[in-house]
Amino acid sequence: MRRDRPHIQVLSPRTWGEFGNYLAATRFSRVLRGSVDADVTLLEAEPILPWLGEAGAEIRTISLESPDATVRTERYMGLMARLQERFPAGFEVGPTPVQQAALAPLTEHLRSTAPDVVVGTKGFVARLCVAAVGLAGVRTRVVSHVTNPGLLQLPLHRSPHPDLTLVGFAWARDRLLASTGGDPDRVRVVGPLVAQHDLRDFMTSESAAPTAGPWGGAQDSGRPRLIIFCNRGGDVYLELLRHIAARHPDTDLVFVGYDDPGLARRAAADAERLAHWRFHSRLTQAEYFDYIDRASRSPYGLLVSKAGPNTTLEAAYFGIPVLMLESGLPMEQWVPGLIHDHGLGRACAEPEDLFRTVDDWLARPSTIEEHKKTTIGFGESVLDQDAVAHRIGDAVRPLLDAR
């Protein structure tokens with residue numbers, strides 16, 4: 001299928017990685033539209049390959065129902081091992097009949113649409129695309145966009161076969177080349193991409209906006225401003241909320257139990273006497289960015305969440321230090337090092353450490369202010385999104401020129 005204008009498809013699983021992976025794919029698609037002369041279409045992977053959604057549902061169950069980080073890691077690695085056994089290293093260049101059957105819907109999709117470039121926003125999805133392109137007999141080029149470099153420690157997400165792999169950090173490029181022995185010219189460091197205002201696609205209104213400003217009129221109090229963002233491990237954050245209510249009730253706080261109205265209601269019930277606190281399971285764009293803006297403009301603004309890469313980089317982009325709890329998921333094990341090495345805040349291995357650090361920082365808010373200074377420096381030097389978009393365009397454009 002020959003077109004006058006090049007066509008790029010970005011294929012992303014919505015169910016793998018909470019909302020972060022598809023959010024990153026949305027941001028990446030918009031960057032492509034502004035950086036290269038091509039039509040760009042973002043597609044969910046699950047309608048094409050439903051078994052990817054089944055795996056995504058299992059990931060969510062593992063994340064939400066594992067009793068602790070150790071069990072969560074064991075269960076997650078078990079799933080990755082089963083998928084890797086089904087699609088071992090090198091299967092892309094010679095899929096078996098069983099693998100061909102599993103890929104048949106993707107193969108037909110690529111044969112019928114024949115994009116010039118297809119981008120997988122998980123390494124595994126990019127591997128599936130490489131195999132399907134070969135089976136379809138089309139000239140589509142395959143790009144692997146690594147949204148989380150921590151996934152490169154898993155064989156399932158590593159491959160030397162995509163025509164181009166984009167990574168955010170030099171160490172990720174080194175790790176990939178060392179493990180796959182691929183062509184260095186096919187792996188480009190473009191810098192970390194953060195979602196910025198693309199969060200509007202995922203934050204829809206659940207209830208009316210709070211009155212007197214999103215922090216109930218307390219926006220000019222000069223007190224520490226905490227955003228507790230919970231998209232996994234809710235009970236720990238409810239305990240933290242009770243802890244802060246008992247010891248630091250003057251703190252300005254908003255609690256977001258993402259996509260979990262029950263959790264948000266439980267949180268509000270636990271702190272019902274604190275009228276200046278706010279609780280949500282979803283937010284409008286205006287509400288969310290008003291919270292972010294007020295936290296970023298405060299010397300004592302702070303985000304508390306699990307140590308996910310997208311959440312950490314998003315906060316750093318806006319100049320907000322983080323206080324994170326390690327999730328136990330292997331692809332997020334690199335994030336505490338990122339936080340520590342660049343002074344972005346602190347990542348805690350255990351809830352008890354999180355509680356102690358909250359007490360320390362809220363008793364001495366100047367600590368938050370110190371982390372804010374280093375966070376702003378990191379954002380200005382590493383998270384220049386115009387520079388990242390320019391590098392992405394420079395990397396992808398030659399694939400289109402060769403069509």
# chains A, B, ... in the order shown; residues from 1 in each chain; ligands from 1
call {"tool": "select_by_dssp", "arguments": {"residues": "stretch 82-321 of chain A", "states": "strand (DSSP E)", "output": "ChimeraX atom specification"}}
result
/A:117-120,141-145,164-167,187-189,225-230,252-257,278-280,301-306
call {"tool": "residues_around", "arguments": {"residues": "stretch 146-158 of chain A", "least_positions_apart": "2", "cutoff": "9 Å", "atoms": "only C-alpha atoms", "output": "MDAnalysis selection string"}}
result
chainID A and resid 21 24:25 77 80:81 83:84 87:89 120:127 144 160 165:169 171:173 175:176 179:180 192:193 309:310 330:335
call {"tool": "closest_atom_pairs", "arguments": {"of": "stretch 289-333 of chain A", "to": "stretch 245-269 of chain A", "cutoff": "10 Å", "atoms": "only C-alpha atoms", "output": "JSON lines"}}
result
{"residue": "A:Tyr291", "atom": "CA", "partner": "A:Val254", "partner_atom": "CA", "distance": 8.1}
{"residue": "A:Ala295", "atom": "CA", "partner": "A:Asp252", "partner_atom": "CA", "distance": 9.7}
{"residue": "A:Gly301", "atom": "CA", "partner": "A:Asp252", "partner_atom": "CA", "distance": 9.4}
{"residue": "A:Leu302", "atom": "CA", "partner": "A:Leu253", "partner_atom": "CA", "distance": 9.6}
{"residue": "A:Leu303", "atom": "CA", "partner": "A:Val254", "partner_atom": "CA", "distance": 9.9}
{"residue": "A:Val304", "atom": "CA", "partner": "A:Phe255", "partner_atom": "CA", "distance": 9.5}
{"residue": "A:Ser305", "atom": "CA", "partner": "A:Val256", "partner_atom": "CA", "distance": 9.9}
call {"tool": "write_last_selection", "arguments": {"atoms": "all heavy atoms", "output": "JSON list (two decimals), in the first residue's frame"}}
result
[["chain", "number", "residue", "atom", "x", "y", "z"],
["A", 291, "TYR", "N", -3.52, 21.66, 41.37],
["A", 291, "TYR", "CA", -2.77, 21.06, 42.48],
["A", 291, "TYR", "C", -1.27, 21.04, 42.18],
["A", 291, "TYR", "O", -0.44, 21.41, 43.03],
["A", 291, "TYR", "CB", -3.25, 19.62, 42.72],
["A", 291, "TYR", "CG", -4.57, 19.50, 43.43],
["A", 291, "TYR", "CD1", -5.57, 18.66, 42.93],
["A", 291, "TYR", "CD2", -4.82, 20.19, 44.62],
["A", 291, "TYR", "CE1", -6.79, 18.52, 43.58],
["A", 291, "TYR", "CE2", -6.05, 20.05, 45.27],
["A", 291, "TYR", "CZ", -7.03, 19.22, 44.74],
["A", 291, "TYR", "OH", -8.22, 19.08, 45.39],
["A", 295, "ALA", "N", 1.57, 23.08, 44.22],
["A", 295, "ALA", "CA", 2.66, 22.34, 44.88],
["A", 295, "ALA", "C", 4.01, 22.77, 44.34],
["A", 295, "ALA", "O", 4.98, 22.90, 45.09],
["A", 295, "ALA", "CB", 2.46, 20.83, 44.67],
["A", 301, "GLY", "N", 6.35, 21.97, 48.53],
["A", 301, "GLY", "CA", 5.51, 21.03, 47.81],
["A", 301, "GLY", "C", 6.17, 19.67, 47.71],
["A", 301, "GLY", "O", 7.39, 19.55, 47.52],
["A", 302, "LEU", "N", 5.38, 18.59, 47.82],
["A", 302, "LEU", "CA", 5.93, 17.24, 47.87],
["A", 302, "LEU", "C", 4.92, 16.25, 47.30],
["A", 302, "LEU", "O", 3.73, 16.33, 47.59],
["A", 302, "LEU", "CB", 6.25, 16.87, 49.33],
["A", 302, "LEU", "CG", 6.83, 15.48, 49.59],
["A", 302, "LEU", "CD1", 8.21, 15.34, 48.98],
["A", 302, "LEU", "CD2", 6.89, 15.22, 51.10],
["A", 303, "LEU", "N", 5.43, 15.30, 46.49],
["A", 303, "LEU", "CA", 4.60, 14.22, 45.97],
["A", 303, "LEU", "C", 4.98, 12.93, 46.67],
["A", 303, "LEU", "O", 6.16, 12.56, 46.72],
["A", 303, "LEU", "CB", 4.79, 14.06, 44.47],
["A", 303, "LEU", "CG", 4.07, 12.86, 43.83],
["A", 303, "LEU", "CD1", 2.56, 13.08, 43.83],
["A", 303, "LEU", "CD2", 4.56, 12.61, 42.40],
["A", 304, "VAL", "N", 3.99, 12.22, 47.20],
["A", 304, "VAL", "CA", 4.19, 10.92, 47.85],
["A", 304, "VAL", "C", 3.49, 9.86, 47.00],
["A", 304, "VAL", "O", 2.30, 10.00, 46.70],
["A", 304, "VAL", "CB", 3.64, 10.90, 49.28],
["A", 304, "VAL", "CG1", 3.91, 9.55, 49.94],
["A", 304, "VAL", "CG2", 4.25, 12.02, 50.11],
["A", 305, "SER", "N", 4.22, 8.81, 46.59],
["A", 305, "SER", "CA", 3.64, 7.80, 45.72],
["A", 305, "SER", "C", 4.53, 6.56, 45.75],
["A", 305, "SER", "O", 5.50, 6.49, 46.49],
["A", 305, "SER", "CB", 3.52, 8.35, 44.30],
["A", 305, "SER", "OG", 2.86, 7.43, 43.45]]
call {"tool": "atom_distance", "arguments": {"atom1": "atom CA of A:Ala402", "atom2": "atom CA of A:Ala178"}}
result
28.1 Å
call {"tool": "closest_residue", "arguments": {"among": "A:Val31, A:Ala131, A:Leu354, A:Cys230", "to": "A:Gln100", "atoms": "only C-alpha atoms"}}
result
A:Ala131
